[in-house]
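Visitor: So here's upload_22.txt, just compact mmCIF, C-alpha atoms:
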```
# COMPACT_ATOMS: atom_id res chain seq x y z
CA VAL A 1 -8.46 16.77 -19.02
CA ALA A 2 -11.28 19.21 -18.28
CA ASN A 3 -13.77 16.35 -18.13
CA THR A 4 -11.74 14.47 -15.50
CA TYR A 5 -12.27 16.98 -12.68
CA SER A 6 -14.43 15.71 -9.83
CA GLY A 7 -16.68 17.62 -7.48
CA TYR A 8 -13.73 17.78 -5.11
CA GLY A 9 -12.10 20.26 -7.47
CA TYR A 10 -9.13 18.26 -8.68
CA THR A 11 -8.22 15.67 -11.28
CA LYS A 12 -6.32 12.52 -10.41
CA LEU A 13 -4.26 13.10 -13.53
CA GLU A 14 -2.32 15.71 -11.56
CA ASN A 15 -1.03 13.04 -9.17
CA TYR A 16 2.57 11.89 -9.52
CA THR A 17 1.60 8.26 -10.12
CA TRP A 18 1.88 6.87 -13.64
CA TYR A 19 -1.14 4.66 -12.99
CA PHE A 20 -3.75 6.64 -14.89
CA PHE A 21 -1.55 7.04 -17.96
CA LEU A 22 -0.67 3.33 -18.06
CA ALA A 23 -4.13 2.06 -17.12
CA GLY A 24 -5.72 4.35 -19.69
CA LYS A 25 -3.58 2.93 -22.48
CA ILE A 26 -4.28 -0.67 -21.46
CA ALA A 27 -8.01 -0.01 -21.10
CA LEU A 28 -8.07 1.67 -24.51
CA LEU A 29 -6.44 -1.40 -26.05
CA PHE A 30 -9.05 -3.72 -24.54
CA ARG A 31 -11.89 -1.41 -25.53
CA THR A 32 -10.62 -1.51 -29.11
CA LEU A 33 -10.27 -5.29 -29.15
CA PHE A 34 -13.24 -6.30 -26.98
CA TYR A 35 -15.69 -3.43 -26.79
CA SER A 36 -18.31 -5.36 -24.84
CA LEU A 37 -15.92 -5.98 -21.91
CA PRO A 38 -15.81 -3.63 -18.90
CA TYR A 39 -12.45 -2.46 -20.28
CA TYR A 40 -11.89 0.13 -17.53
CA ARG A 41 -11.53 -2.73 -15.02
CA ILE A 42 -9.06 -4.78 -17.04
CA PRO A 43 -5.78 -3.10 -15.90
CA ASN A 44 -6.41 -3.78 -12.21
CA LEU A 45 -7.78 -7.26 -12.89
CA LEU A 46 -4.53 -8.08 -14.69
CA LEU A 47 -2.54 -6.87 -11.67
CA PHE A 48 -4.66 -9.02 -9.37
CA ALA A 49 -4.27 -12.03 -11.64
CA ALA A 50 -0.49 -11.70 -11.33
CA LEU A 51 -0.74 -11.54 -7.53
CA ALA A 52 -3.15 -14.50 -7.44
CA ILE A 53 -0.79 -16.66 -9.54
CA LEU A 54 2.17 -15.74 -7.33
CA PHE A 55 0.10 -16.48 -4.23
CA ALA A 56 -1.13 -19.85 -5.49
CA ARG A 57 2.34 -20.98 -6.56
CA ASN A 58 4.07 -20.03 -3.30
CA ILE A 59 1.56 -20.29 -0.45
CA ARG A 60 2.68 -23.77 0.62
CA ARG A 61 6.29 -22.67 1.03
CA LYS A 62 5.61 -19.09 2.09
CA ASN A 63 2.69 -19.27 4.51
CA TRP A 64 3.19 -15.62 5.45
CA LEU A 65 1.50 -14.72 2.17
CA MET A 66 -1.82 -15.39 3.92
CA ALA A 67 -1.15 -12.43 6.22
CA ALA A 68 -0.16 -10.14 3.33
CA LEU A 69 -2.89 -11.06 0.84
CA GLY A 70 -5.20 -13.83 1.98
CA ILE A 71 -7.25 -12.39 4.83
CA CYS A 72 -8.19 -8.81 3.91
CA VAL A 73 -11.18 -8.20 1.66
CA GLN A 74 -10.25 -4.61 0.90
CA ALA A 75 -6.92 -5.78 -0.56
CA TRP A 76 -8.90 -7.70 -3.17
CA TYR A 77 -11.65 -5.17 -3.73
CA ILE A 78 -9.32 -2.35 -4.84
CA PHE A 79 -8.53 -4.44 -7.92
CA SER A 80 -12.16 -4.55 -9.02
CA TYR A 81 -12.47 -0.90 -10.06
CA THR A 82 -10.31 1.92 -11.39
CA THR A 83 -8.07 3.18 -8.60
CA ALA A 84 -4.36 3.91 -8.34
CA ASP A 85 -4.34 2.12 -4.96
CA ALA A 86 -4.23 -1.16 -6.88
CA LEU A 87 -0.89 -0.36 -8.53
CA ASP A 88 0.52 1.02 -5.27
CA PHE A 89 -0.45 -2.15 -3.40
CA PHE A 90 0.88 -4.33 -6.22
CA LEU A 91 4.30 -2.64 -6.17
CA ALA A 92 4.48 -2.56 -2.37
CA PHE A 93 3.59 -6.25 -2.24
CA PHE A 94 6.53 -7.09 -4.47
CA ALA A 95 8.84 -4.95 -2.35
CA VAL A 96 7.81 -6.96 0.72
CA TYR A 97 8.11 -10.20 -1.25
CA LEU A 98 11.72 -9.31 -2.06
CA LEU A 99 12.42 -8.41 1.57
CA SER A 100 11.11 -11.75 2.80
CA SER A 101 13.67 -13.95 1.06
CA GLU A 102 17.46 -13.92 1.42
CA ASP A 103 17.91 -15.23 -2.13
CA SER A 104 15.71 -12.54 -3.72
CA LEU A 105 16.85 -10.07 -6.35
CA LEU A 106 17.10 -7.38 -3.68
CA PHE A 107 19.62 -9.12 -1.47
CA ARG A 108 21.57 -10.59 -4.38
CA ALA A 109 21.96 -7.06 -5.71
CA VAL A 110 22.97 -5.34 -2.47
CA ASP A 111 25.44 -8.13 -1.63
CA THR A 112 27.17 -7.84 -5.01
CA VAL A 113 30.87 -7.19 -4.47
CA LYS A 114 31.97 -6.90 -8.08
CA LEU A 115 29.67 -5.09 -10.46
CA THR A 116 29.24 -6.55 -13.93
CA GLY A 117 27.01 -5.82 -16.87
CA LYS A 118 24.72 -8.65 -15.78
CA SER A 119 24.12 -7.07 -12.35
CA ILE A 120 23.03 -3.64 -13.65
CA PRO A 121 19.47 -4.66 -14.73
CA GLY A 122 18.76 -5.79 -11.17
CA PHE A 123 19.72 -2.40 -9.77
CA LEU A 124 17.60 -0.68 -12.41
CA LEU A 125 14.56 -2.79 -11.53
CA LEU A 126 14.96 -2.14 -7.80
CA GLY A 127 15.43 1.61 -8.22
CA PHE A 128 12.43 1.71 -10.56
CA LEU A 129 10.29 -0.31 -8.12
CA PHE A 130 11.07 1.91 -5.14
CA GLY A 131 10.73 5.07 -7.25
CA MET A 132 7.28 4.02 -8.46
CA ILE A 133 6.19 3.36 -4.87
CA ALA A 134 7.37 6.85 -3.91
CA LEU A 135 5.26 8.32 -6.74
CA GLY A 136 2.12 6.61 -5.43
CA LYS A 137 -0.13 7.24 -2.43
CA PRO A 138 1.75 8.64 0.59
CA ASN A 139 0.47 5.84 2.84
CA TYR A 140 2.74 3.39 0.98
CA LEU A 141 5.82 5.33 2.05
CA SER A 142 5.69 3.12 5.15
CA ILE A 143 6.80 0.23 2.92
CA LEU A 144 9.80 2.25 1.75
CA ALA A 145 10.53 3.00 5.40
CA LEU A 146 10.42 -0.73 6.12
CA VAL A 147 12.86 -1.39 3.28
CA PHE A 148 15.13 1.35 4.60
CA PHE A 149 15.30 -0.08 8.12
CA VAL A 150 15.81 -3.67 6.95
CA LEU A 151 18.71 -2.59 4.72
CA LEU A 152 20.10 -0.32 7.44
CA PHE A 153 20.15 -3.19 9.94
CA ARG A 154 21.86 -5.36 7.31
CA LEU A 155 24.56 -2.72 6.95
CA ILE A 156 25.05 -2.34 10.70
CA ARG A 157 25.48 -6.04 11.36
CA GLN A 158 27.88 -6.55 8.45
CA LYS A 159 31.41 -6.88 9.88
CA ASN A 160 33.39 -7.62 6.74
CA PRO A 161 34.96 -4.30 5.58
CA GLU A 162 34.92 -5.23 1.90
CA GLN A 163 31.31 -6.39 2.04
CA LYS A 164 30.26 -3.31 3.99
CA LYS A 165 31.92 -1.07 1.39
CA ALA A 166 30.04 -2.95 -1.33
CA LEU A 167 26.77 -2.46 0.55
CA TRP A 168 27.30 1.29 0.74
CA ARG A 169 28.05 1.45 -2.99
CA ASN A 170 25.07 -0.70 -3.94
CA TYR A 171 22.70 1.23 -1.68
CA PHE A 172 23.71 4.52 -3.27
CA LEU A 173 23.38 3.02 -6.74
CA ILE A 174 19.80 1.98 -6.01
CA LEU A 175 19.15 5.35 -4.36
CA GLY A 176 20.43 7.17 -7.44
CA ILE A 177 18.11 5.25 -9.75
CA PHE A 178 15.26 5.79 -7.29
CA ALA A 179 15.90 9.56 -7.34
CA ALA A 180 16.09 9.59 -11.15
CA VAL A 181 12.68 7.89 -11.41
CA PHE A 182 11.12 10.38 -8.99
CA LEU A 183 12.76 13.47 -10.49
CA PHE A 184 11.85 12.41 -14.02
CA ARG A 185 8.17 12.58 -13.09
CA ALA A 186 8.59 15.77 -11.06
CA GLY A 187 10.29 17.37 -14.05
CA PHE A 188 7.05 17.32 -16.04
CA ASP A 189 5.30 19.41 -13.39
CA LEU A 190 8.21 21.80 -13.08
CA TYR A 191 8.27 22.30 -16.86
CA HIS A 192 4.50 22.76 -17.13
CA TYR A 193 3.72 24.76 -13.97
CA GLY A 194 7.06 26.21 -12.97
CA THR A 195 6.70 27.20 -9.34
CA GLN A 196 3.01 28.09 -9.68
CA LYS A 197 1.39 24.66 -9.31
CA ALA A 198 -0.32 25.50 -6.00
CA ALA A 199 -1.90 28.61 -7.52
CA VAL A 200 -3.04 26.66 -10.58
CA LYS A 201 -4.60 23.95 -8.39
CA GLU A 202 -6.54 26.54 -6.43
CA ALA A 203 -7.76 28.23 -9.60
CA VAL A 204 -9.08 25.00 -11.14
CA ALA A 205 -10.59 23.98 -7.79
CA ILE A 206 -12.58 27.21 -7.79
CA GLU A 207 -13.70 26.44 -11.35
CA HIS A 208 -14.67 22.78 -10.87
CA ALA A 209 -15.37 22.03 -7.19
CA HIS A 210 -18.88 21.70 -5.81
CA GLU A 211 -20.04 24.67 -3.81
CA ASP A 212 -19.63 22.98 -0.40
CA LYS A 213 -15.99 22.12 -1.21
CA ASN A 214 -15.08 25.20 -3.23
CA PRO A 215 -12.24 27.44 -1.96
CA ALA A 216 -14.29 30.47 -3.02
CA THR A 217 -17.21 29.47 -0.80
CA PRO A 218 -17.26 31.20 2.62
CA VAL A 219 -15.82 28.90 5.28
CA GLU A 220 -19.03 28.78 7.29
CA GLU A 221 -20.92 27.48 4.22
CA GLN A 222 -18.44 24.72 3.33
CA ASN A 223 -18.94 21.05 4.16
CA PRO A 224 -18.00 20.78 7.87
CA SER A 225 -15.91 17.64 7.22
CA TRP A 226 -13.88 19.18 4.39
CA HIS A 227 -10.32 20.46 5.05
CA MET A 228 -11.03 20.72 8.75
CA MET A 229 -7.52 21.68 9.82
CA SER A 230 -7.27 24.63 7.42
CA ARG A 231 -10.62 25.86 8.74
CA GLY A 232 -9.23 26.06 12.26
CA ALA A 233 -10.83 22.88 13.64
CA THR A 234 -8.92 20.87 16.24
CA LEU A 235 -8.44 17.12 16.29
CA GLN A 236 -11.09 16.97 19.00
CA ASP A 237 -13.46 18.81 16.64
CA PHE A 238 -12.58 16.26 13.97
CA PHE A 239 -13.52 13.31 16.19
CA ASP A 240 -16.65 15.10 17.42
CA GLU A 241 -17.69 15.50 13.78
CA ASN A 242 -16.74 11.87 13.00
CA PRO A 243 -17.33 9.83 16.19
CA GLU A 244 -17.30 6.53 14.25
CA TRP A 245 -14.13 7.23 12.29
CA PHE A 246 -12.15 4.33 13.77
CA SER A 247 -14.97 1.83 13.48
CA MET A 248 -15.69 2.84 9.87
CA SER A 249 -12.01 2.64 8.97
CA TYR A 250 -11.82 -0.84 10.44
CA LYS A 251 -15.04 -2.02 8.79
CA SER A 252 -13.91 -0.78 5.38
CA PHE A 253 -10.51 -2.42 5.98
CA CYS A 254 -11.76 -5.97 6.48
CA GLY A 255 -15.02 -5.30 4.61
CA LEU A 256 -16.44 -2.77 2.18
CA ILE A 257 -17.36 0.82 2.90
CA GLN A 258 -20.63 0.46 0.95
CA ASP A 259 -21.79 -2.44 3.14
CA THR A 260 -24.13 -1.47 5.97
CA ASP A 261 -25.93 -4.80 6.44
CA THR A 262 -23.27 -7.24 7.67
CA GLY A 263 -23.57 -8.01 11.37
CA LEU A 264 -20.97 -7.08 13.97
CA TRP A 265 -20.13 -10.77 14.44
CA TYR A 266 -18.14 -10.79 11.19
CA TYR A 267 -16.03 -7.77 12.16
CA ALA A 268 -15.54 -9.19 15.67
CA CYS A 269 -14.30 -12.49 14.25
CA MET A 270 -11.91 -10.78 11.85
CA GLY A 271 -10.65 -8.59 14.68
CA PHE A 272 -9.97 -11.74 16.70
CA PHE A 273 -8.06 -13.30 13.78
CA TYR A 274 -5.94 -10.17 13.27
CA ALA A 275 -5.19 -9.84 16.98
CA VAL A 276 -4.12 -13.49 17.33
CA LEU A 277 -2.01 -13.22 14.17
CA LEU A 278 -0.12 -10.20 15.51
CA ALA A 279 0.19 -11.74 18.98
CA GLY A 280 1.55 -14.96 17.48
CA ILE A 281 4.14 -13.08 15.43
CA ALA A 282 5.19 -11.12 18.52
CA CYS A 283 5.44 -14.24 20.67
CA PHE A 284 7.58 -16.17 18.22
CA ALA A 285 9.72 -13.14 17.31
CA PHE A 286 10.69 -12.56 20.93
CA ARG A 287 10.88 -16.22 21.90
CA TYR A 288 12.84 -17.60 18.97
CA GLY A 289 14.08 -14.61 17.01
CA ASP A 290 17.51 -13.02 17.30
CA PHE A 291 18.11 -9.40 18.27
CA TRP A 292 17.52 -8.14 14.74
CA THR A 293 14.23 -10.02 14.36
CA LYS A 294 12.99 -8.42 17.57
CA LEU A 295 14.16 -4.99 16.43
CA GLU A 296 12.44 -5.40 13.08
CA PHE A 297 9.23 -6.37 14.86
CA LEU A 298 9.35 -3.19 16.96
CA VAL A 299 10.01 -1.09 13.85
CA GLY A 300 7.11 -2.81 12.06
CA ILE A 301 4.73 -2.07 14.94
CA LEU A 302 5.82 1.58 14.96
CA LEU A 303 5.25 1.80 11.20
CA MET A 304 1.79 0.29 11.63
CA ALA A 305 0.94 2.81 14.34
CA GLY A 306 2.30 5.54 12.08
CA GLY A 307 0.08 4.29 9.26
CA VAL A 308 -3.02 4.63 11.43
CA ALA A 309 -1.93 8.09 12.58
CA ALA A 310 -1.27 9.13 8.97
CA SER A 311 -4.78 8.01 7.98
CA VAL A 312 -6.22 10.14 10.78
CA ILE A 313 -4.16 13.14 9.66
CA ASN A 314 -5.22 12.64 6.03
CA SER A 315 -8.88 12.69 7.05
CA TYR A 316 -8.30 15.70 9.31
CA VAL A 317 -6.40 17.68 6.67
CA ILE A 318 -8.34 16.71 3.52
CA ASP A 319 -11.59 14.74 3.75
CA SER A 320 -12.83 13.16 6.96
CA GLN A 321 -14.41 10.15 5.22
CA ALA A 322 -12.94 6.96 6.72
CA GLN A 323 -11.10 4.83 4.16
CA GLY A 324 -9.91 1.37 5.10
CA ARG A 325 -7.85 1.11 1.91
CA TYR A 326 -5.43 3.66 3.36
CA LEU A 327 -4.54 1.06 6.00
CA LEU A 328 -3.60 -1.67 3.52
CA PRO A 329 0.17 -1.16 3.99
CA LEU A 330 -0.36 -2.56 7.51
CA ILE A 331 -1.07 -6.05 6.20
CA LEU A 332 2.06 -5.93 4.05
CA ILE A 333 4.15 -4.99 7.07
CA ALA A 334 2.46 -7.78 9.03
CA GLY A 335 3.26 -10.14 6.18
CA TYR A 336 6.95 -9.27 6.34
CA LEU A 337 7.03 -9.69 10.12
CA ALA A 338 5.33 -13.08 9.69
CA SER A 339 8.01 -14.10 7.18
CA ARG A 340 10.60 -13.54 9.92
CA THR A 341 8.93 -16.10 12.20
CA PRO A 342 8.65 -19.24 10.04
CA ARG A 343 8.35 -21.50 13.10
CA LEU A 344 4.97 -19.94 13.78
CA PHE A 345 3.51 -21.61 10.69
CA GLU A 346 4.68 -25.03 11.79
CA LYS A 347 1.92 -25.01 14.40
CA TRP A 348 -1.21 -26.70 13.12
CA TYR A 349 -3.51 -24.51 15.21
CA PHE A 350 -2.04 -21.36 13.70
CA ARG A 351 -2.46 -22.64 10.16
CA LEU A 352 -6.04 -23.51 11.11
CA LEU A 353 -6.57 -19.95 12.35
CA LEU A 354 -5.29 -18.48 9.08
CA ALA A 355 -7.44 -20.89 7.10
CA ALA A 356 -10.51 -19.83 9.09
CA ALA A 357 -9.68 -16.16 8.49
CA GLY A 358 -9.32 -16.90 4.79
CA VAL A 359 -12.67 -18.69 4.67
CA PHE A 360 -14.40 -15.78 6.42
CA SER A 361 -12.82 -13.29 4.01
CA VAL A 362 -13.64 -15.31 0.88
CA GLY A 363 -17.19 -15.89 2.10
CA TYR A 364 -17.71 -12.19 2.76
CA PHE A 365 -16.23 -11.22 -0.59
CA GLY A 366 -18.38 -13.74 -2.43
CA LEU A 367 -21.62 -12.80 -0.68
CA VAL A 368 -21.10 -9.04 -0.41
CA GLY A 369 -18.23 -7.95 -2.64
CA VAL A 370 -19.04 -9.78 -5.86
CA PRO A 371 -22.63 -8.44 -6.07
CA LEU A 372 -21.24 -4.91 -5.68
CA PHE A 373 -18.63 -5.64 -8.33
CA LEU A 374 -21.28 -6.86 -10.76
```
Using structure tokens, write down the structure that the file contains.
Guide:
Amino acid sequence: VANTYSGYGYTKLENYTWYFFLAGKIALLFRTLFYSLPYYRIPNLLLFAALAILFARNIRRKNWLMAALGICVQAWYIFSYTTADALDFFLAFFAVYLLSSEDSLLFRAVDTVKLTGKSIPGFLLLGFLFGMIALGKPNYLSILALVFFVLLFRLIRQKNPEQKKALWRNYFLILGIFAAVFLFRAGFDLYHYGTQKAAVKEAVAIEHAHEDKNPATPVEEQNPSWHMMSRGATLQDFFDENPEWFSMSYKSFCGLIQDTDTGLWYYACMGFFYAVLLAGIACFAFRYGDFWTKLEFLVGILLMAGGVAASVINSYVIDSQAQGRYLLPLILIAGYLASRTPRLFEKWYFRLLLAAAGVFSVGYFGLVGVPLFL
């Protein structure tokens, strides 16, 4: 473990996610079997292969998948290297996929009136899925919030007393499994650290962190963009220090943070595609959707705004470097909202718009992303 500490003074092995344990075992297997392969990339490539197969098999019937996976370069790039964001996105994608279909495992489970032995595995899978999302990056909590509101609205509009009672029972069953998954992981930290984890983290940060990010370094000598809030800086100070934060976040959302050569025309075109996509969803939701579709759209927009605000706060509190990957839950929320307006995809001009956005994204990834990957 000592060799896994970065210059930031922490090891990602301390995170709650199981990603590094699981990915490490899979990578070790591939290194043993095929030593010449870039084995450390295999776990995330396998996750992406599963998403790509699902996408290819369903895109004709579920056009909303373009919004969730087909027009954002960063959503593909996170699968090309070792990062826990890949597993978080993978799990969150499947949560949204379940939300988008009335005949999915999720809705079959929550609508179950009489529990049988055959229905229990479904509840276990759902509780495990949501628990694993909760153990991942905090920015993906917005997907759990989306699930919560969708299921809450389902409960509110259910008028049948027996069915409503079954919903309550099934929700708490999933919640119990969810809590067990989360507490099982938290139990390891409680056993190992007791109540002293914060003190241990500070001690190892002092031992391993670079001087400009070390807690023992005088505040005035630390990196000015590091832990700005704890150093007494205001949000205005944060934006003064990082005047291009929003533009860099956006560029590394629909592009790559390492890329400094691509012209503004590409980002302008992608911005146009995203804006028209969201405007189209809004138009069809309010024109053709029922009350609940409109309410879900408003909740989705609020969650998107919250995701942007959370990314700002993360940079302000921890490290001010802009990271477009922290905004990836936004495309999953947009994908769900798109799934609620199927009439939108009947319009040839809208399908053409999504196709153009896909071509731009694939072209950028091929010309810019692949060389970086290699």
Visitor: Do you know which residues are at most 10 Å from Ala92 (chain A) counting only C-alpha atoms, after dropping those on the same chain fewer than 6 positions away, and could you put them as a list of chain:residue names?
Guide: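 Contacts, with the query itself left out: A:Ala86, A:Leu98, A:Leu129, A:Phe130, A:Met132, A:Ile133, A:Ala134, A:Gly136, A:Tyr140, A:Leu141, A:Ser142, A:Ile143, A:Leu144, A:Pro329, A:Leu332, A:Ile333.
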Visitor: Find the distance between CA of Phe153 (chain A) and CA of Phe286 (chain A) and write it in Å to one decimal.
Guide: 17.3 Å
Visitor: Env of Phe273 (chain A): 10 Å cut, atoms = only C-alpha atoms, seq-sep filter 2 positions within chain, self excluded. Answer as a PyMOL selection string.
Guide: chain A and resi 71+267-271+275-279+353-354+356-358
Visitor: What lies within 12 Å of Leu330 (chain A) using only C-alpha atoms, ignoring chain neighbours under 6 positions off, as a PyMOL selection string?
Guide: chain A and resi 67-69+72+75+89+92-93+96+139-143+146+250+253-254+274+278+300-311+324+336-337
Visitor: Quick one: everything within 12 Å of region 342-344 of chain A, counting all atoms listed in the file, minus sequence neighbours fewer than 2 positions away in the same chain. Send it as a PyMOL selection string.
Guide: chain A and resi 61-65+100-101+276-289+293+335-340+346-354
Visitor: Would you write out, as a Markdown table, a table of all residues in region 318-361 of chain A that have an atom no more than 6 Å from an atom of region 220-239 of chain A, listing for each the closest atom pair and the distance in Å to one decimal, considering all atoms listed in the file and ordering rows by chain and rising residue number?
Guide:
```
| residue | atom | partner | partner_atom | distance |
| --- | --- | --- | --- | --- |
| A:Ile318 | CA | A:His227 | CA | 4.5 |
| A:Asp319 | CA | A:Trp226 | CA | 5.0 |
| A:Ser320 | CA | A:Ser225 | CA | 5.4 |
```
Visitor: For a quick check of understanding, using all atoms listed in the file, which of A:Ala355, A:Ile257, A:Ile206, A:Val181 has the smallest distance to Gln321 (chain A)?
Guide: A:Ile257
Visitor: Can you measure CA of Ser249 (chain A) to CA of Phe297 (chain A) for me? One decimal in Å is fine.
Guide: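 CA of Phe297 (chain A) lies 23.8 Å from CA of Ser249 (chain A).
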Visitor: What is the CA of Tyr266 (chain A) to CA of Arg60 (chain A) distance in Å?
Guide: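 Value for the CA of Tyr266 (chain A)-CA of Arg60 (chain A) distance: 26.7 Å.
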Visitor: Return the padded bounding box of region 316-333 of chain A as AutoDock Vina command-line options: axis-aligned, built from all atoms listed in the file, 8 Å added on each side, with centre and edge lengths in Å to one decimal.
Guide:
```
--center_x -5.1 --center_y 5.8 --center_z 5.6 --size_x 34.6 --size_y 39.7 --size_z 23.4
```
